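In what follows, a single structure is set out as structure tokens and then discussed.
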Amino acid sequence: AGICIEIIRKAVEGMIFYFTGTGNSKWIAGQFAEALEDQAVNLMTVDPKAYHFSEKDYLGIVFPVYAYAAPEPVTEFVQKLEPNGAFTFTVCNYSNVTGHAMQRLSEEGMHMNSGYGLLMPDNTTVIGSTYDTEETTLKKLSDAKERLDAIIQRIKAKEVGVFESIEGENPEENSEKMLTVFREKRSFTAPFHVTEDKCVSCGLCERICPAKAIELKDGRPVWVKE
């Protein structure tokens, strides 16, 4: 029994939680987990109260920037975590600028010792940007590995008080203003629908939706959240 308890205790020492829509955050979290000998876990699938940390642990949060901020499920999740002195850090991935996404998460969710931005291929257009081309996508992915390796070394060194990214103009103001607009005007599922003759009933959308907002009914996707 003592051996089993020790194995369980080790399994939860240090954790990299991620929220992912396209796979960018999942990949980043996996790289951190390997480098820090921790685990990468999709935060949409677990109970934050089930984890216990100590001063010797790393506690990382990886997320994509949505409208200059962390997605709501990320903030709600970290508010329920109890770091207990663990070294906390966050890494956000973004297409052009981050605003104060990481600082807001540190203030509203859980205090972060440091935070870093990682430029990755975008999955949507945002103000002041255009869709990535194949060329820009490959360039971002190539640069990301080198940038990520440098971030990992700084996390291992437990640098404190660093929030490093391309914030853009008026980052604090935009993080406040654009987040409000996004959540009030753009955060809903009503516009989505299925093109009947193109859907093959594979169920992929249901399986990968991070918010579990899609269910297959009679072989067709149905949005079950507003």
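In the structure tokens, chains take letters A, B, ... by order of appearance, with residues numbered from 1 within each chain and ligands from 1 in the order shown.
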
Would you give me, as a tab-separated table, each residue of region 68-156 of chain A having an atom within 9 Å of an atom of region 29-38 of chain A, along with its shortest atom pair and that distance in Å to one decimal, using only C-alpha atoms and sorting by chain and residue number?
```
residue	atom	partner	partner_atom	distance
A:Val91	CA	A:Ala29	CA	8.8
A:Leu148	CA	A:Gln31	CA	8.3
A:Asp149	CA	A:Gln31	CA	8.8
A:Ile152	CA	A:Phe32	CA	6.8
A:Lys156	CA	A:Leu36	CA	7.6
```

Could you turn the residues from that selection into a file that holds C-alpha atoms, as a PDB file, in the first residue's frame?
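Output saved as out-v9.pdb:
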```
ATOM      1  CA  VAL A  91       2.504  30.128 -21.894  1.00  0.00           C
ATOM      2  CA  LEU A 148      10.107  27.191 -26.913  1.00  0.00           C
ATOM      3  CA  ASP A 149      13.467  25.624 -26.054  1.00  0.00           C
ATOM      4  CA  ILE A 152      11.826  25.986 -21.159  1.00  0.00           C
ATOM      5  CA  LYS A 156      13.727  25.543 -15.351  1.00  0.00           C
TER       6      LYS A 156
END
```

Closest atom pairs, region 66-158 of chain A residues within 12 Å of region 184-188 of chain A, only C-alpha atoms, as a Markdown table:
```
| residue | atom | partner | partner_atom | distance |
| --- | --- | --- | --- | --- |
| A:Tyr66 | CA | A:Ser187 | CA | 10.4 |
| A:Ala67 | CA | A:Arg186 | CA | 10.0 |
| A:Pro71 | CA | A:Ser187 | CA | 10.4 |
| A:Glu72 | CA | A:Ser187 | CA | 10.2 |
```

May I have the residues from that selection written out with C-alpha atoms, as a compact mmCIF listing (two decimals), in the first residue's frame?
```
# COMPACT_ATOMS: atom_id res chain seq x y z
CA TYR A 66 -8.90 34.68 -27.56
CA ALA A 67 -9.65 38.39 -28.01
CA PRO A 71 -10.52 31.56 -22.77
CA GLU A 72 -13.12 31.61 -19.99
```

Would you list, as a ChimeraX atom specification, the residues of region 25-212 of chain A that end up in alpha helix (DSSP H) under DSSP run on this structure's backbone?
-> /A:25-36,72-78,101-108,134-156,171-181,204-208

Pick the closest to Ile214 (chain A) from A:Gln39, A:Ser95, A:Thr195, A:Thr189: which is it, counting only C-alpha atoms?
-> A:Thr189

Would you kindly return, as a list of chain:residue names, each protein, DNA or RNA residue with an atom no farther than 8 Å from any atom of region 45-49 of chain A, considering only C-alpha atoms and excluding same-chain residues fewer than 4 positions away?
->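 With the cut-off at 8 Å, the set is A:Val41, A:Phe77, A:Val78, A:Lys80, A:Leu81, A:Glu82.
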
What does the file look like for those residues with C-alpha atoms, as a PDB file, in the first residue's frame?
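Output (selection_35.pdb):
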```
ATOM      1  CA  VAL A  41      -3.400  17.272 -19.150  1.00  0.00           C
ATOM      2  CA  PHE A  77     -10.137  26.337 -13.996  1.00  0.00           C
ATOM      3  CA  VAL A  78      -7.123  28.097 -12.481  1.00  0.00           C
ATOM      4  CA  LYS A  80      -9.966  26.466  -8.400  1.00  0.00           C
ATOM      5  CA  LEU A  81      -6.332  25.338  -8.282  1.00  0.00           C
ATOM      6  CA  GLU A  82      -4.297  25.496  -5.081  1.00  0.00           C
TER       7      GLU A  82
END
```

I need the residues in region 2-182 of chain A that are strand (DSSP E) according to DSSP; give them as a PDB file with N, CA, C and O atoms, in the first residue's frame.
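Resulting contents of part-v6.pdb:
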```pdb
ATOM      1  N   MET A  15       2.538  19.618 -12.982  1.00  0.00           N
ATOM      2  CA  MET A  15       1.517  19.371 -13.989  1.00  0.00           C
ATOM      3  C   MET A  15       1.477  20.536 -14.970  1.00  0.00           C
ATOM      4  O   MET A  15       1.620  21.692 -14.582  1.00  0.00           O
ATOM      5  N   ILE A  16       1.279  20.202 -16.235  1.00  0.00           N
ATOM      6  CA  ILE A  16       1.069  21.216 -17.262  1.00  0.00           C
ATOM      7  C   ILE A  16      -0.360  21.052 -17.758  1.00  0.00           C
ATOM      8  O   ILE A  16      -0.696  20.057 -18.419  1.00  0.00           O
ATOM      9  N   PHE A  17      -1.223  21.998 -17.443  1.00  0.00           N
ATOM     10  CA  PHE A  17      -2.602  21.964 -17.896  1.00  0.00           C
ATOM     11  C   PHE A  17      -2.736  22.797 -19.174  1.00  0.00           C
ATOM     12  O   PHE A  17      -2.135  23.864 -19.290  1.00  0.00           O
ATOM     13  N   TYR A  18      -3.528  22.313 -20.105  1.00  0.00           N
ATOM     14  CA  TYR A  18      -3.694  23.066 -21.354  1.00  0.00           C
ATOM     15  C   TYR A  18      -5.154  23.080 -21.806  1.00  0.00           C
ATOM     16  O   TYR A  18      -5.939  22.193 -21.490  1.00  0.00           O
ATOM     17  N   GLN A  39       3.479  15.930 -16.380  1.00  0.00           N
ATOM     18  CA  GLN A  39       2.409  15.431 -17.234  1.00  0.00           C
ATOM     19  C   GLN A  39       1.679  16.597 -17.889  1.00  0.00           C
ATOM     20  O   GLN A  39       1.545  17.668 -17.291  1.00  0.00           O
ATOM     21  N   ALA A  40       1.186  16.387 -19.108  1.00  0.00           N
ATOM     22  CA  ALA A  40       0.355  17.366 -19.800  1.00  0.00           C
ATOM     23  C   ALA A  40      -1.081  16.861 -19.791  1.00  0.00           C
ATOM     24  O   ALA A  40      -1.351  15.730 -20.201  1.00  0.00           O
ATOM     25  N   VAL A  41      -2.009  17.697 -19.316  1.00  0.00           N
ATOM     26  CA  VAL A  41      -3.400  17.272 -19.150  1.00  0.00           C
ATOM     27  C   VAL A  41      -4.342  18.327 -19.722  1.00  0.00           C
ATOM     28  O   VAL A  41      -4.179  19.526 -19.470  1.00  0.00           O
ATOM     29  N   ASN A  42      -5.320  17.882 -20.487  1.00  0.00           N
ATOM     30  CA  ASN A  42      -6.353  18.770 -21.011  1.00  0.00           C
ATOM     31  C   ASN A  42      -7.238  19.214 -19.849  1.00  0.00           C
ATOM     32  O   ASN A  42      -7.930  18.397 -19.234  1.00  0.00           O
ATOM     33  N   TYR A  58       6.370  22.209 -10.437  1.00  0.00           N
ATOM     34  CA  TYR A  58       6.026  23.171 -11.480  1.00  0.00           C
ATOM     35  C   TYR A  58       4.527  23.063 -11.726  1.00  0.00           C
ATOM     36  O   TYR A  58       3.966  21.969 -11.726  1.00  0.00           O
ATOM     37  N   LEU A  59       3.893  24.201 -11.957  1.00  0.00           N
ATOM     38  CA  LEU A  59       2.470  24.225 -12.293  1.00  0.00           C
ATOM     39  C   LEU A  59       2.290  25.169 -13.476  1.00  0.00           C
ATOM     40  O   LEU A  59       2.372  26.387 -13.343  1.00  0.00           O
ATOM     41  N   GLY A  60       2.092  24.603 -14.665  1.00  0.00           N
ATOM     42  CA  GLY A  60       2.007  25.403 -15.879  1.00  0.00           C
ATOM     43  C   GLY A  60       0.624  25.420 -16.491  1.00  0.00           C
ATOM     44  O   GLY A  60      -0.113  24.427 -16.415  1.00  0.00           O
ATOM     45  N   ILE A  61       0.264  26.547 -17.097  1.00  0.00           N
ATOM     46  CA  ILE A  61      -1.009  26.704 -17.797  1.00  0.00           C
ATOM     47  C   ILE A  61      -0.709  27.160 -19.226  1.00  0.00           C
ATOM     48  O   ILE A  61      -0.040  28.176 -19.436  1.00  0.00           O
ATOM     49  N   VAL A  62      -1.190  26.416 -20.210  1.00  0.00           N
ATOM     50  CA  VAL A  62      -0.950  26.735 -21.617  1.00  0.00           C
ATOM     51  C   VAL A  62      -2.289  26.973 -22.296  1.00  0.00           C
ATOM     52  O   VAL A  62      -3.210  26.163 -22.161  1.00  0.00           O
ATOM     53  N   PHE A  63      -2.402  28.082 -23.026  1.00  0.00           N
ATOM     54  CA  PHE A  63      -3.690  28.407 -23.645  1.00  0.00           C
ATOM     55  C   PHE A  63      -3.506  29.265 -24.895  1.00  0.00           C
ATOM     56  O   PHE A  63      -2.488  29.945 -25.049  1.00  0.00           O
ATOM     57  N   PRO A  64      -4.504  29.283 -25.787  1.00  0.00           N
ATOM     58  CA  PRO A  64      -4.499  30.196 -26.922  1.00  0.00           C
ATOM     59  C   PRO A  64      -5.137  31.525 -26.510  1.00  0.00           C
ATOM     60  O   PRO A  64      -6.039  31.547 -25.668  1.00  0.00           O
ATOM     61  N   PHE A  87       5.949  26.483  -8.404  1.00  0.00           N
ATOM     62  CA  PHE A  87       6.363  27.522  -9.346  1.00  0.00           C
ATOM     63  C   PHE A  87       5.344  27.565 -10.472  1.00  0.00           C
ATOM     64  O   PHE A  87       5.219  26.639 -11.264  1.00  0.00           O
ATOM     65  N   THR A  88       4.587  28.641 -10.518  1.00  0.00           N
ATOM     66  CA  THR A  88       3.502  28.767 -11.490  1.00  0.00           C
ATOM     67  C   THR A  88       3.945  29.579 -12.701  1.00  0.00           C
ATOM     68  O   THR A  88       4.612  30.603 -12.567  1.00  0.00           O
ATOM     69  N   PHE A  89       3.573  29.117 -13.872  1.00  0.00           N
ATOM     70  CA  PHE A  89       3.891  29.851 -15.091  1.00  0.00           C
ATOM     71  C   PHE A  89       2.804  29.608 -16.129  1.00  0.00           C
ATOM     72  O   PHE A  89       2.025  28.659 -16.037  1.00  0.00           O
ATOM     73  N   THR A  90       2.755  30.499 -17.096  1.00  0.00           N
ATOM     74  CA  THR A  90       1.795  30.341 -18.182  1.00  0.00           C
ATOM     75  C   THR A  90       2.474  30.607 -19.509  1.00  0.00           C
ATOM     76  O   THR A  90       3.396  31.421 -19.592  1.00  0.00           O
ATOM     77  N   VAL A  91       2.033  29.904 -20.528  1.00  0.00           N
ATOM     78  CA  VAL A  91       2.504  30.128 -21.894  1.00  0.00           C
ATOM     79  C   VAL A  91       1.274  30.265 -22.772  1.00  0.00           C
ATOM     80  O   VAL A  91       0.410  29.382 -22.777  1.00  0.00           O
ATOM     81  N   CYS A  92       1.163  31.376 -23.476  1.00  0.00           N
ATOM     82  CA  CYS A  92       0.033  31.566 -24.387  1.00  0.00           C
ATOM     83  C   CYS A  92       0.539  31.535 -25.820  1.00  0.00           C
ATOM     84  O   CYS A  92       1.644  31.986 -26.104  1.00  0.00           O
ATOM     85  N   ASN A  93      -0.251  30.982 -26.709  1.00  0.00           N
ATOM     86  CA  ASN A  93       0.101  31.043 -28.127  1.00  0.00           C
ATOM     87  C   ASN A  93      -0.867  31.965 -28.837  1.00  0.00           C
ATOM     88  O   ASN A  93      -2.037  32.075 -28.471  1.00  0.00           O
ATOM     89  N   TYR A  94      -0.371  32.661 -29.843  1.00  0.00           N
ATOM     90  CA  TYR A  94      -1.142  33.736 -30.461  1.00  0.00           C
ATOM     91  C   TYR A  94      -0.699  33.946 -31.900  1.00  0.00           C
ATOM     92  O   TYR A  94       0.372  33.497 -32.311  1.00  0.00           O
ATOM     93  N   SER A 114       5.640  33.684 -13.810  1.00  0.00           N
ATOM     94  CA  SER A 114       6.142  34.184 -15.091  1.00  0.00           C
ATOM     95  C   SER A 114       5.206  33.765 -16.211  1.00  0.00           C
ATOM     96  O   SER A 114       4.350  32.893 -16.034  1.00  0.00           O
ATOM     97  N   GLY A 115       5.379  34.405 -17.353  1.00  0.00           N
ATOM     98  CA  GLY A 115       4.552  34.084 -18.502  1.00  0.00           C
ATOM     99  C   GLY A 115       5.258  34.417 -19.806  1.00  0.00           C
ATOM    100  O   GLY A 115       5.996  35.396 -19.884  1.00  0.00           O
ATOM    101  N   TYR A 116       5.030  33.592 -20.812  1.00  0.00           N
ATOM    102  CA  TYR A 116       5.701  33.776 -22.102  1.00  0.00           C
ATOM    103  C   TYR A 116       4.712  33.560 -23.240  1.00  0.00           C
ATOM    104  O   TYR A 116       3.822  32.712 -23.163  1.00  0.00           O
ATOM    105  N   GLY A 117       4.890  34.324 -24.307  1.00  0.00           N
ATOM    106  CA  GLY A 117       4.069  34.159 -25.490  1.00  0.00           C
ATOM    107  C   GLY A 117       4.823  33.402 -26.557  1.00  0.00           C
ATOM    108  O   GLY A 117       6.045  33.525 -26.684  1.00  0.00           O
ATOM    109  N   LEU A 118       4.093  32.601 -27.324  1.00  0.00           N
ATOM    110  CA  LEU A 118       4.702  31.824 -28.405  1.00  0.00           C
ATOM    111  C   LEU A 118       3.868  32.025 -29.665  1.00  0.00           C
ATOM    112  O   LEU A 118       2.694  31.676 -29.712  1.00  0.00           O
ATOM    113  N   LEU A 119       4.495  32.600 -30.677  1.00  0.00           N
ATOM    114  CA  LEU A 119       3.811  32.869 -31.941  1.00  0.00           C
ATOM    115  C   LEU A 119       3.572  31.551 -32.669  1.00  0.00           C
ATOM    116  O   LEU A 119       4.503  30.796 -32.931  1.00  0.00           O
ATOM    117  N   VAL A 162       8.585  37.722 -14.956  1.00  0.00           N
ATOM    118  CA  VAL A 162       8.754  37.931 -16.399  1.00  0.00           C
ATOM    119  C   VAL A 162       7.432  37.664 -17.116  1.00  0.00           C
ATOM    120  O   VAL A 162       6.837  36.599 -16.966  1.00  0.00           O
ATOM    121  N   PHE A 163       6.959  38.629 -17.892  1.00  0.00           N
ATOM    122  CA  PHE A 163       5.831  38.423 -18.795  1.00  0.00           C
ATOM    123  C   PHE A 163       6.281  38.923 -20.155  1.00  0.00           C
ATOM    124  O   PHE A 163       6.373  40.130 -20.379  1.00  0.00           O
ATOM    125  N   GLU A 164       6.579  38.008 -21.048  1.00  0.00           N
ATOM    126  CA  GLU A 164       7.265  38.348 -22.292  1.00  0.00           C
ATOM    127  C   GLU A 164       6.471  37.875 -23.502  1.00  0.00           C
ATOM    128  O   GLU A 164       6.242  36.679 -23.683  1.00  0.00           O
TER     129      GLU A 164
END
```

For region 208-210 of chain A, work out the shell of residues within 7 Å, counting only C-alpha atoms and skipping chain neighbours fewer than 6 positions away, then give it as an mmCIF file with all heavy atoms, in the first residue's frame.
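Below is the file that was written, around-v4.cif:
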```cif
data_model
loop_
_atom_site.group_PDB
_atom_site.id
_atom_site.type_symbol
_atom_site.label_atom_id
_atom_site.label_comp_id
_atom_site.auth_asym_id
_atom_site.auth_seq_id
_atom_site.Cartn_x
_atom_site.Cartn_y
_atom_site.Cartn_z
ATOM 1 N N THR A 20 -7.002 23.547 -25.547
ATOM 2 C CA THR A 20 -6.630 23.576 -26.961
ATOM 3 C C THR A 20 -7.848 23.507 -27.856
ATOM 4 O O THR A 20 -8.829 22.832 -27.540
ATOM 5 C CB THR A 20 -5.664 22.418 -27.289
ATOM 6 O OG1 THR A 20 -5.086 22.610 -28.581
ATOM 7 C CG2 THR A 20 -6.365 21.074 -27.220
ATOM 8 N N GLY A 21 -7.792 24.240 -28.951
ATOM 9 C CA GLY A 21 -8.849 24.178 -29.954
ATOM 10 C C GLY A 21 -8.340 23.562 -31.250
ATOM 11 O O GLY A 21 -9.032 22.805 -31.916
ATOM 12 N N MET A 44 -9.960 20.634 -19.690
ATOM 13 C CA MET A 44 -11.399 20.462 -19.863
ATOM 14 C C MET A 44 -11.869 19.075 -19.416
ATOM 15 O O MET A 44 -13.060 18.816 -19.347
ATOM 16 C CB MET A 44 -11.787 20.685 -21.332
ATOM 17 C CG MET A 44 -11.543 22.096 -21.845
ATOM 18 S SD MET A 44 -12.571 23.337 -21.022
ATOM 19 C CE MET A 44 -14.195 22.920 -21.664
#
```

Give me, please, the distance in Å between CA of Val222 (chain A) and CA of Glu206 (chain A), quoted to one decimal.
->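 Separation between CA of Val222 (chain A) and CA of Glu206 (chain A): 9.0 Å.
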
Have a look at A:Ala144, A:Met178, A:Ile166, A:Val160 and name the one nearest to Asn96 (chain A); count only C-alpha atoms.
-> A:Ile166

Looking at A:Arg207, A:Asn174, A:Met120, A:Ala86, which one is nearest to Glu55 (chain A), with distances taken over only C-alpha atoms?
->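 Among the listed residues, the smallest separation from Glu55 (chain A) belongs to A:Ala86.
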
Taking into account only C-alpha atoms, which residue in the set A:Asp132, A:Glu76, A:Glu146, A:Glu172 is nearest to Met102 (chain A)?
->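 Checking each candidate against Met102 (chain A), we get A:Glu172 as the closest.
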
Which is closer to Asn24 (chain A) than all the others in A:Leu105, A:Pro83, A:Val65, A:Pro121, using only C-alpha atoms?
-> A:Pro121

Which of A:Ser106, A:Thr98, A:Thr137, A:Ser54 sits closest to Thr75 (chain A) [using only C-alpha atoms] =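 Closest to Thr75 (chain A), using only C-alpha atoms: A:Ser106.
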
Between CA of Leu216 (chain A) and CA of Ser201 (chain A), distance in Å (one decimal) =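 CA of Ser201 (chain A) lies 7.9 Å from CA of Leu216 (chain A).
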
Can you pull out the residues contacting Asn170 (chain A)? Cut-off 10 Å, using only C-alpha atoms, and skip same-chain residues under 4 positions away; I want them as a CSV table (one decimal) with N, CA, C and O atoms, in the first residue's frame.
```csv
chain,number,residue,atom,x,y,z
A,99,GLY,N,-1.9,41.3,-26.1
A,99,GLY,CA,-2.5,42.2,-25.1
A,99,GLY,C,-2.0,41.8,-23.8
A,99,GLY,O,-0.8,41.3,-23.6
A,100,HIS,N,-2.8,42.0,-22.7
A,100,HIS,CA,-2.4,41.6,-21.4
A,100,HIS,C,-3.1,40.3,-21.0
A,100,HIS,O,-3.5,40.1,-19.8
A,174,ASN,N,-7.0,47.2,-24.6
A,174,ASN,CA,-7.5,46.3,-25.5
A,174,ASN,C,-8.0,45.0,-24.9
A,174,ASN,O,-9.0,44.4,-25.2
A,175,SER,N,-7.2,44.5,-23.9
A,175,SER,CA,-7.6,43.3,-23.2
A,175,SER,C,-8.9,43.5,-22.4
A,175,SER,O,-9.7,42.5,-22.3
```

Write out as a list of chain:residue names each polymer residue whose atoms come within 7 Å of Ala213 (chain A), counting only C-alpha atoms; drop sequence neighbours fewer than 6 positions from it.
->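 Once the adjacent positions are removed, what remains is A:Trp223, A:Val224, A:Lys225.
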